[in-house]
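The file entry.pdb comes next; it holds PDB, C-alpha atoms and all ligand atoms.
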ATOM      1  CA  MET A   1      -0.142  23.139 -29.376
ATOM      2  CA  LYS A   2      -0.902  20.316 -26.986
ATOM      3  CA  GLU A   3       0.658  22.200 -24.061
ATOM      4  CA  GLY A   4      -1.705  22.239 -21.110
ATOM      5  CA  SER A   5      -4.140  19.670 -22.551
ATOM      6  CA  GLU A   6      -6.099  17.750 -19.973
ATOM      7  CA  PHE A   7      -5.592  14.013 -19.866
ATOM      8  CA  SER A   8      -7.125  11.131 -17.983
ATOM      9  CA  ILE A   9      -5.798   7.696 -17.055
ATOM     10  CA  GLU A  10      -8.000   4.619 -17.114
ATOM     11  CA  ARG A  11      -7.543   0.909 -16.736
ATOM     12  CA  ALA A  12      -7.311  -0.619 -20.216
ATOM     13  CA  LYS A  13      -9.865  -3.080 -21.527
ATOM     14  CA  ARG A  14      -9.153  -6.035 -23.737
ATOM     15  CA  GLU A  15     -10.673  -4.268 -26.729
ATOM     16  CA  ASP A  16      -8.115  -1.444 -26.326
ATOM     17  CA  LEU A  17      -5.237  -3.745 -27.275
ATOM     18  CA  LYS A  18      -5.442  -3.035 -31.001
ATOM     19  CA  ASP A  19      -5.191   0.744 -30.435
ATOM     20  CA  LEU A  20      -2.393   0.236 -27.938
ATOM     21  CA  GLY A  21      -0.465  -1.716 -30.582
ATOM     22  CA  GLU A  22      -0.798   1.263 -32.912
ATOM     23  CA  ILE A  23       0.440   3.674 -30.236
ATOM     24  CA  TYR A  24       3.381   1.334 -29.661
ATOM     25  CA  LEU A  25       4.334   1.279 -33.357
ATOM     26  CA  LYS A  26       4.148   5.080 -33.637
ATOM     27  CA  GLY A  27       5.906   5.602 -30.319
ATOM     28  CA  TYR A  28       8.912   3.459 -31.230
ATOM     29  CA  VAL A  29       9.729   5.110 -34.552
ATOM     30  CA  GLY A  30      13.490   5.710 -34.401
ATOM     31  CA  LEU A  31      13.970   3.095 -31.660
ATOM     32  CA  GLU A  32      13.397  -0.001 -33.824
ATOM     33  CA  GLU A  33      16.471  -1.792 -32.488
ATOM     34  CA  TYR A  34      14.591  -2.169 -29.196
ATOM     35  CA  SER A  35      11.100  -2.837 -30.504
ATOM     36  CA  TYR A  36       8.893  -5.120 -32.526
ATOM     37  CA  THR A  37       8.112  -3.659 -35.919
ATOM     38  CA  HIS A  38       6.013  -6.331 -37.631
ATOM     39  CA  PRO A  39       2.285  -5.764 -36.898
ATOM     40  CA  GLU A  40       1.773  -9.465 -36.175
ATOM     41  CA  ASP A  41       4.599  -9.447 -33.615
ATOM     42  CA  VAL A  42       3.130  -6.308 -32.037
ATOM     43  CA  ARG A  43      -0.298  -7.953 -31.821
ATOM     44  CA  ALA A  44       1.234 -11.017 -30.120
ATOM     45  CA  TYR A  45       3.180  -8.757 -27.757
ATOM     46  CA  MET A  46       0.000  -6.869 -26.724
ATOM     47  CA  GLU A  47      -1.711 -10.214 -26.085
ATOM     48  CA  TRP A  48       1.270 -11.331 -23.995
ATOM     49  CA  LEU A  49       1.100  -8.112 -21.934
ATOM     50  CA  TRP A  50      -2.600  -8.738 -21.328
ATOM     51  CA  ARG A  51      -2.074 -12.378 -20.325
ATOM     52  CA  ARG A  52       0.731 -11.423 -17.933
ATOM     53  CA  ASP A  53      -1.562  -9.080 -15.982
ATOM     54  CA  PRO A  54      -4.915  -7.926 -17.354
ATOM     55  CA  GLU A  55      -5.333  -5.500 -14.418
ATOM     56  CA  GLY A  56      -1.941  -3.857 -14.907
ATOM     57  CA  ILE A  57      -2.432  -1.958 -18.158
ATOM     58  CA  PHE A  58      -3.423   1.717 -17.982
ATOM     59  CA  VAL A  59      -4.210   3.987 -20.882
ATOM     60  CA  ALA A  60      -3.924   7.786 -21.115
ATOM     61  CA  LYS A  61      -6.538   9.747 -23.049
ATOM     62  CA  VAL A  62      -6.723  13.335 -24.300
ATOM     63  CA  GLU A  63     -10.209  14.394 -25.384
ATOM     64  CA  GLY A  64     -11.195  10.734 -25.674
ATOM     65  CA  LYS A  65      -8.200   9.839 -27.867
ATOM     66  CA  LYS A  66      -5.801   7.166 -26.601
ATOM     67  CA  VAL A  67      -2.329   8.708 -26.534
ATOM     68  CA  GLY A  68      -0.211   6.443 -24.347
ATOM     69  CA  PHE A  69      -0.165   3.428 -22.078
ATOM     70  CA  VAL A  70       1.804   1.587 -19.449
ATOM     71  CA  ALA A  71       1.838  -2.193 -19.123
ATOM     72  CA  GLY A  72       2.588  -3.277 -15.574
ATOM     73  CA  ASP A  73       2.794  -6.810 -14.233
ATOM     74  CA  ALA A  74       2.153  -7.570 -10.564
ATOM     75  CA  ASN A  75       2.880 -11.287 -11.110
ATOM     76  CA  TRP A  76       6.503 -11.000 -12.173
ATOM     77  CA  PHE A  77       9.262 -12.931 -10.433
ATOM     78  CA  SER A  78      12.546 -11.104 -10.850
ATOM     79  CA  LYS A  79      15.437 -13.497 -11.412
ATOM     80  CA  ARG A  80      17.837 -10.728 -10.427
ATOM     81  CA  ALA A  81      16.058  -9.725  -7.211
ATOM     82  CA  LYS A  82      14.952 -13.321  -6.515
ATOM     83  CA  GLU A  83      11.567 -12.058  -5.402
ATOM     84  CA  LYS A  84       8.300 -10.833  -6.796
ATOM     85  CA  VAL A  85       8.448  -7.272  -8.079
ATOM     86  CA  GLY A  86       6.175  -4.978 -10.015
ATOM     87  CA  ALA A  87       7.489  -5.141 -13.580
ATOM     88  CA  VAL A  88       6.891  -2.363 -16.070
ATOM     89  CA  HIS A  89       7.105  -4.199 -19.382
ATOM     90  CA  GLU A  90       6.079  -1.241 -21.506
ATOM     91  CA  ILE A  91       5.442   2.492 -21.339
ATOM     92  CA  VAL A  92       4.910   4.645 -24.400
ATOM     93  CA  VAL A  93       3.386   8.022 -25.208
ATOM     94  CA  LEU A  94       2.701   9.252 -28.752
ATOM     95  CA  PRO A  95       5.463  11.685 -29.815
ATOM     96  CA  GLU A  96       3.144  14.694 -30.154
ATOM     97  CA  PHE A  97       1.862  14.208 -26.576
ATOM     98  CA  ARG A  98       5.250  13.934 -24.849
ATOM     99  CA  GLY A  99       6.571  16.401 -22.302
ATOM    100  CA  MET A 100       3.107  17.012 -20.820
ATOM    101  CA  GLY A 101       3.487  14.766 -17.777
ATOM    102  CA  ILE A 102       1.538  11.865 -19.277
ATOM    103  CA  GLY A 103       4.387   9.339 -18.952
ATOM    104  CA  LYS A 104       4.904  10.371 -15.335
ATOM    105  CA  ALA A 105       1.177  10.053 -14.550
ATOM    106  CA  LEU A 106       1.061   6.601 -16.164
ATOM    107  CA  MET A 107       4.015   5.499 -14.074
ATOM    108  CA  GLU A 108       2.464   6.893 -10.874
ATOM    109  CA  ARG A 109      -0.759   5.033 -11.648
ATOM    110  CA  VAL A 110       0.937   1.684 -12.168
ATOM    111  CA  ILE A 111       3.065   2.197  -9.044
ATOM    112  CA  SER A 112      -0.059   2.797  -6.990
ATOM    113  CA  TYR A 113      -1.447  -0.465  -8.420
ATOM    114  CA  PHE A 114       1.755  -2.301  -7.414
ATOM    115  CA  ARG A 115       1.458  -0.868  -3.891
ATOM    116  CA  GLU A 116      -2.139  -2.113  -3.675
ATOM    117  CA  LYS A 117      -0.718  -5.548  -4.497
ATOM    118  CA  GLY A 118       1.812  -5.227  -1.658
ATOM    119  CA  LEU A 119       4.881  -5.046  -3.896
ATOM    120  CA  GLY A 120       7.950  -3.167  -2.685
ATOM    121  CA  THR A 121      10.042  -2.740  -5.834
ATOM    122  CA  VAL A 122       9.464  -1.742  -9.448
ATOM    123  CA  GLU A 123      11.751  -3.227 -12.086
ATOM    124  CA  LEU A 124      12.170  -2.489 -15.780
ATOM    125  CA  TRP A 125      14.708  -2.933 -18.567
ATOM    126  CA  VAL A 126      15.626  -0.154 -20.974
ATOM    127  CA  GLY A 127      17.844  -0.104 -24.073
ATOM    128  CA  ASP A 128      21.263   1.348 -23.220
ATOM    129  CA  GLU A 129      20.997   3.991 -25.977
ATOM    130  CA  ASN A 130      17.398   4.941 -25.267
ATOM    131  CA  PHE A 131      18.651   8.079 -23.551
ATOM    132  CA  ARG A 132      15.290   9.842 -23.431
ATOM    133  CA  ALA A 133      13.699   6.960 -21.542
ATOM    134  CA  ILE A 134      16.721   6.579 -19.229
ATOM    135  CA  GLU A 135      16.498  10.293 -18.299
ATOM    136  CA  PHE A 136      12.748   9.946 -17.799
ATOM    137  CA  TYR A 137      13.205   6.986 -15.429
ATOM    138  CA  LYS A 138      15.977   8.747 -13.483
ATOM    139  CA  LYS A 139      13.717  11.771 -13.076
ATOM    140  CA  LEU A 140      11.121   9.441 -11.573
ATOM    141  CA  GLY A 141      13.610   8.020  -9.074
ATOM    142  CA  PHE A 142      14.759   4.844 -10.816
ATOM    143  CA  GLU A 143      18.371   3.738 -10.459
ATOM    144  CA  GLU A 144      20.511   1.497 -12.597
ATOM    145  CA  ALA A 145      20.844  -1.972 -11.059
ATOM    146  CA  GLY A 146      22.594  -4.177 -13.595
ATOM    147  CA  ARG A 147      22.939  -4.875 -17.292
ATOM    148  CA  TYR A 148      22.342  -7.687 -19.755
ATOM    149  CA  ASN A 149      23.738  -7.271 -23.277
ATOM    150  CA  TYR A 150      22.463  -3.863 -24.398
ATOM    151  CA  TRP A 151      19.726  -3.700 -21.750
ATOM    152  CA  ILE A 152      19.962  -1.742 -18.511
ATOM    153  CA  ARG A 153      17.988  -2.935 -15.510
ATOM    154  CA  MET A 154      16.458  -0.090 -13.479
ATOM    155  CA  VAL A 155      14.685  -0.350 -10.147
ATOM    156  CA  LYS A 156      12.812   1.870  -7.721
ATOM    157  CA  LYS A 157      11.764   1.075  -4.170
ATOM    158  CA  ILE A 158       8.103   1.890  -3.591
ATOM    159  CA  GLN A 159       7.427   0.591  -0.100
ATOM    160  CA  GLY A 160       6.278   3.073   2.514
ATOM    161  CA  GLN A 161       6.336   6.034   0.113
TER     162      GLN A 161
HETATM  163  C1  LIG B 201       9.729   7.770 -22.119
HETATM  164  C2  LIG B 201       8.360   8.384 -22.398
HETATM  165  C3  LIG B 201       7.262   7.380 -22.056
HETATM  166  C4  LIG B 201       8.202   9.660 -21.521
HETATM  167  O1  LIG B 201       6.861  10.131 -21.667
HETATM  168  P1  LIG B 201       6.481  11.675 -21.471
HETATM  169  O2  LIG B 201       4.985  11.748 -21.399
HETATM  170  O3  LIG B 201       7.147  12.517 -22.478
HETATM  171  O4  LIG B 201       7.128  11.993 -20.045
HETATM  172  P2  LIG B 201       6.682  13.176 -19.033
HETATM  173  O5  LIG B 201       6.242  14.367 -19.820
HETATM  174  O6  LIG B 201       5.703  12.623 -18.057
HETATM  175  O7  LIG B 201       8.043  13.469 -18.279
HETATM  176  C5  LIG B 201       8.266  13.126 -16.916
HETATM  177  C6  LIG B 201       9.602  13.687 -16.474
HETATM  178  O8  LIG B 201      10.649  13.088 -17.246
HETATM  179  C7  LIG B 201      11.392  14.101 -17.903
HETATM  180  N1  LIG B 201      11.703  13.731 -19.276
HETATM  181  C8  LIG B 201      10.846  13.206 -20.183
HETATM  182  N2  LIG B 201      11.488  13.062 -21.368
HETATM  183  C9  LIG B 201      12.756  13.508 -21.170
HETATM  184  C10 LIG B 201      13.890  13.657 -22.022
HETATM  185  N3  LIG B 201      13.841  13.345 -23.325
HETATM  186  N4  LIG B 201      15.040  14.137 -21.490
HETATM  187  C11 LIG B 201      15.103  14.510 -20.191
HETATM  188  N5  LIG B 201      14.048  14.413 -19.338
HETATM  189  C12 LIG B 201      12.901  13.925 -19.837
HETATM  190  C13 LIG B 201      10.482  15.313 -17.963
HETATM  191  O9  LIG B 201      11.239  16.524 -17.987
HETATM  192  C14 LIG B 201       9.657  15.195 -16.702
HETATM  193  O10 LIG B 201      10.326  15.764 -15.602
HETATM  194  P3  LIG B 201       9.582  16.860 -14.681
HETATM  195  O11 LIG B 201       8.458  16.090 -13.993
HETATM  196  O12 LIG B 201      10.635  17.319 -13.763
HETATM  197  O13 LIG B 201       9.073  17.899 -15.639
HETATM  198  C15 LIG B 201       8.253   8.822 -23.888
HETATM  199  O14 LIG B 201       9.366   9.598 -24.226
HETATM  200  C16 LIG B 201       8.149   7.667 -24.880
HETATM  201  O15 LIG B 201       7.059   7.183 -25.198
HETATM  202  N6  LIG B 201       9.295   7.206 -25.422
HETATM  203  C17 LIG B 201       9.305   6.165 -26.473
HETATM  204  C18 LIG B 201       9.019   4.788 -25.924
HETATM  205  C19 LIG B 201      10.062   4.361 -24.910
HETATM  206  O16 LIG B 201      11.249   4.558 -25.094
HETATM  207  N7  LIG B 201       9.575   3.775 -23.801
HETATM  208  C20 LIG B 201      10.425   3.260 -22.753
HETATM  209  C21 LIG B 201      10.896   1.901 -23.102
HETATM  210  S1  LIG B 201      11.901   1.125 -21.852
END
Rendering of file as structure tokens:
Amino acid sequence: MKEGSEFSIERAKREDLKDLGEIYLKGYVGLEEYSYTHPEDVRAYMEWLWRRDPEGIFVAKVEGKKVGFVAGDANWFSKRAKEKVGAVHEIVVLPEFRGMGIGKALMERVISYFREKGLGTVELWVGDENFRAIEFYKKLGFEEAGRYNYWIRMVKKIQGQ
């Protein structure tokens, strides 16, 4: 039904955080082992994402409705890489709006922001059984670059591309 719907991507505002928390809760149904589930924890997490980098959050909209977001962080120091990287702390699209290219467009938007900031690498961590997300990241050119407990570290070089 949603096939072919137009979407737009905008920089998030502080007042979007509440809606983004709701998208997060709906988007992680079935993946609770990797997510916050208590609304108060989700609220604190959204605030943390905002404090980390208030310019790095982008929201996707379909007909004015917020349907997904990415939370990037251009201030992150990677302990593994021992340098500053662009970190993607969160990306989520509402289930009924998946498979339309929205996740990909959100990632492209945050990568272009990281490039503006002069960063050469994107880093993220994904749950080792979150197969859908792992496939999505591989499709977008990310490669596995280490593990910690049940988390997989994935990176993508973005310099000069
Ligand atoms: C991961 C997620 C953000 C992808 O969003 P999406 O809008 O469905 O992704 P897109 O439609 O932009 O897909 C981009 C590419 O990834 C591929 N892809 C997406 N989901 C896939 C899946 N389940 N299996 C295989 N490939 C997949 C698409 O085929 C597409 O490739 P193409 O450009 O060649 O067509 C979404 O599934 C989601 O919100 N998941 C729950 C939250 C989550 O796990 N976030 C990541 C936490 S680390």
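Proximity to A:Ile91 was assessed for A:Phe58, A:Glu33, A:Ser78, A:Lys117 counting all atoms listed in the file; the smallest distance is recorded for A:Phe58.
Closest approach to ligand LIG 201 (chain B) from the set A:Leu119, A:Val88, A:Ala145, A:Val155 is made by A:Val88, with distances taken over all atoms listed in the file.
Note that atom CA of A:Lys61 and atom CA of A:Tyr34 are 25.0 Å apart.
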Worksheet item: Which residues sit within 7 Å of ligand LIG 201 (chain B), counting only C-alpha atoms and all ligand atoms, listed as a PyMOL selection string?
Response: chain A and resi 27-28+90-95+97-105+125-127+130+132-133+135-137+139-140
Those residues with C-alpha atoms, as a PDB file, in the coordinates of the input please?
ATOM      1  CA  GLY A  27       5.906   5.602 -30.319  1.00  0.00           C
ATOM      2  CA  TYR A  28       8.912   3.459 -31.230  1.00  0.00           C
ATOM      3  CA  GLU A  90       6.079  -1.241 -21.506  1.00  0.00           C
ATOM      4  CA  ILE A  91       5.442   2.492 -21.339  1.00  0.00           C
ATOM      5  CA  VAL A  92       4.910   4.645 -24.400  1.00  0.00           C
ATOM      6  CA  VAL A  93       3.386   8.022 -25.208  1.00  0.00           C
ATOM      7  CA  LEU A  94       2.701   9.252 -28.752  1.00  0.00           C
ATOM      8  CA  PRO A  95       5.463  11.685 -29.815  1.00  0.00           C
ATOM      9  CA  PHE A  97       1.862  14.208 -26.576  1.00  0.00           C
ATOM     10  CA  ARG A  98       5.250  13.934 -24.849  1.00  0.00           C
ATOM     11  CA  GLY A  99       6.571  16.401 -22.302  1.00  0.00           C
ATOM     12  CA  MET A 100       3.107  17.012 -20.820  1.00  0.00           C
ATOM     13  CA  GLY A 101       3.487  14.766 -17.777  1.00  0.00           C
ATOM     14  CA  ILE A 102       1.538  11.865 -19.277  1.00  0.00           C
ATOM     15  CA  GLY A 103       4.387   9.339 -18.952  1.00  0.00           C
ATOM     16  CA  LYS A 104       4.904  10.371 -15.335  1.00  0.00           C
ATOM     17  CA  ALA A 105       1.177  10.053 -14.550  1.00  0.00           C
ATOM     18  CA  TRP A 125      14.708  -2.933 -18.567  1.00  0.00           C
ATOM     19  CA  VAL A 126      15.626  -0.154 -20.974  1.00  0.00           C
ATOM     20  CA  GLY A 127      17.844  -0.104 -24.073  1.00  0.00           C
ATOM     21  CA  ASN A 130      17.398   4.941 -25.267  1.00  0.00           C
ATOM     22  CA  ARG A 132      15.290   9.842 -23.431  1.00  0.00           C
ATOM     23  CA  ALA A 133      13.699   6.960 -21.542  1.00  0.00           C
ATOM     24  CA  GLU A 135      16.498  10.293 -18.299  1.00  0.00           C
ATOM     25  CA  PHE A 136      12.748   9.946 -17.799  1.00  0.00           C
ATOM     26  CA  TYR A 137      13.205   6.986 -15.429  1.00  0.00           C
ATOM     27  CA  LYS A 139      13.717  11.771 -13.076  1.00  0.00           C
ATOM     28  CA  LEU A 140      11.121   9.441 -11.573  1.00  0.00           C
TER      29      LEU A 140
END
Practice prompt. Would you mind reading off the distance between atom CA of A:Asp19 and atom CA of A:Gly64, one decimal, in Å?
Written response: 12.6 Å
Item to complete: Name the closest residue to A:Ile111 among the candidates A:Arg43, A:Lys84, A:Lys157, A:Arg51; distances are taken between atoms, counting only C-alpha atoms.
Response: A:Lys157
Worksheet entry | Best match for closeness to A:Ala12 among A:Gly68, A:Gly118, A:Gly86, A:Pro39, counting all atoms listed in the file | A:Gly68
Worksheet entry | Exercise: A:Tyr45 partners within 12 Å, only C-alpha atoms, chain neighbours under 2 positions left out, as a PyMOL selection string | chain A and resi 17-18+20-22+24-25+35-43+47-52+71+89-90
Work out where the centre of an axis-aligned box around every listed atom of stretch 31-45 of chain A lies and how long its edges are once 5 Å is added on each side; give both in Å to one decimal as JSON.
{"center_x": 8.1, "center_y": -4.0, "center_z": -32.7, "size_x": 26.8, "size_y": 24.1, "size_z": 19.9}
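This file, queried with the PyMOL selection byres (((chain A and resi 158) around 6) and not hetatm), gives the residues Gly120, Thr121, Lys157, Gln159 and Gln161 of chain A.
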How about saving the chosen residues, C-alpha atoms kept, as a compact mmCIF listing (two decimals), keeping the file's coordinate frame?
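Produced file out-v6.txt, reproduced below:
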# COMPACT_ATOMS: atom_id res chain seq x y z
CA GLY A 120 7.95 -3.17 -2.68
CA THR A 121 10.04 -2.74 -5.83
CA LYS A 157 11.76 1.08 -4.17
CA GLN A 159 7.43 0.59 -0.10
CA GLN A 161 6.34 6.03 0.11
Response to the item:
Separating atom CA of A:Gly72 from atom CA of A:Arg153, to the nearest tenth of an Å, is a gap of 15.4 Å
Item to complete: Measuring atom to atom with only C-alpha atoms, identify which of A:Glu123, A:Leu106, A:Met46, A:Val62 is nearest to A:Glu83.
Response: A:Glu123
Practice prompt. Check the smallest atom-to-atom distance from each of A:Arg14, A:Val122, A:Met107, A:Ala60 to A:Ala74 using all atoms listed in the file, then report the winner.
Written response: A:Val122
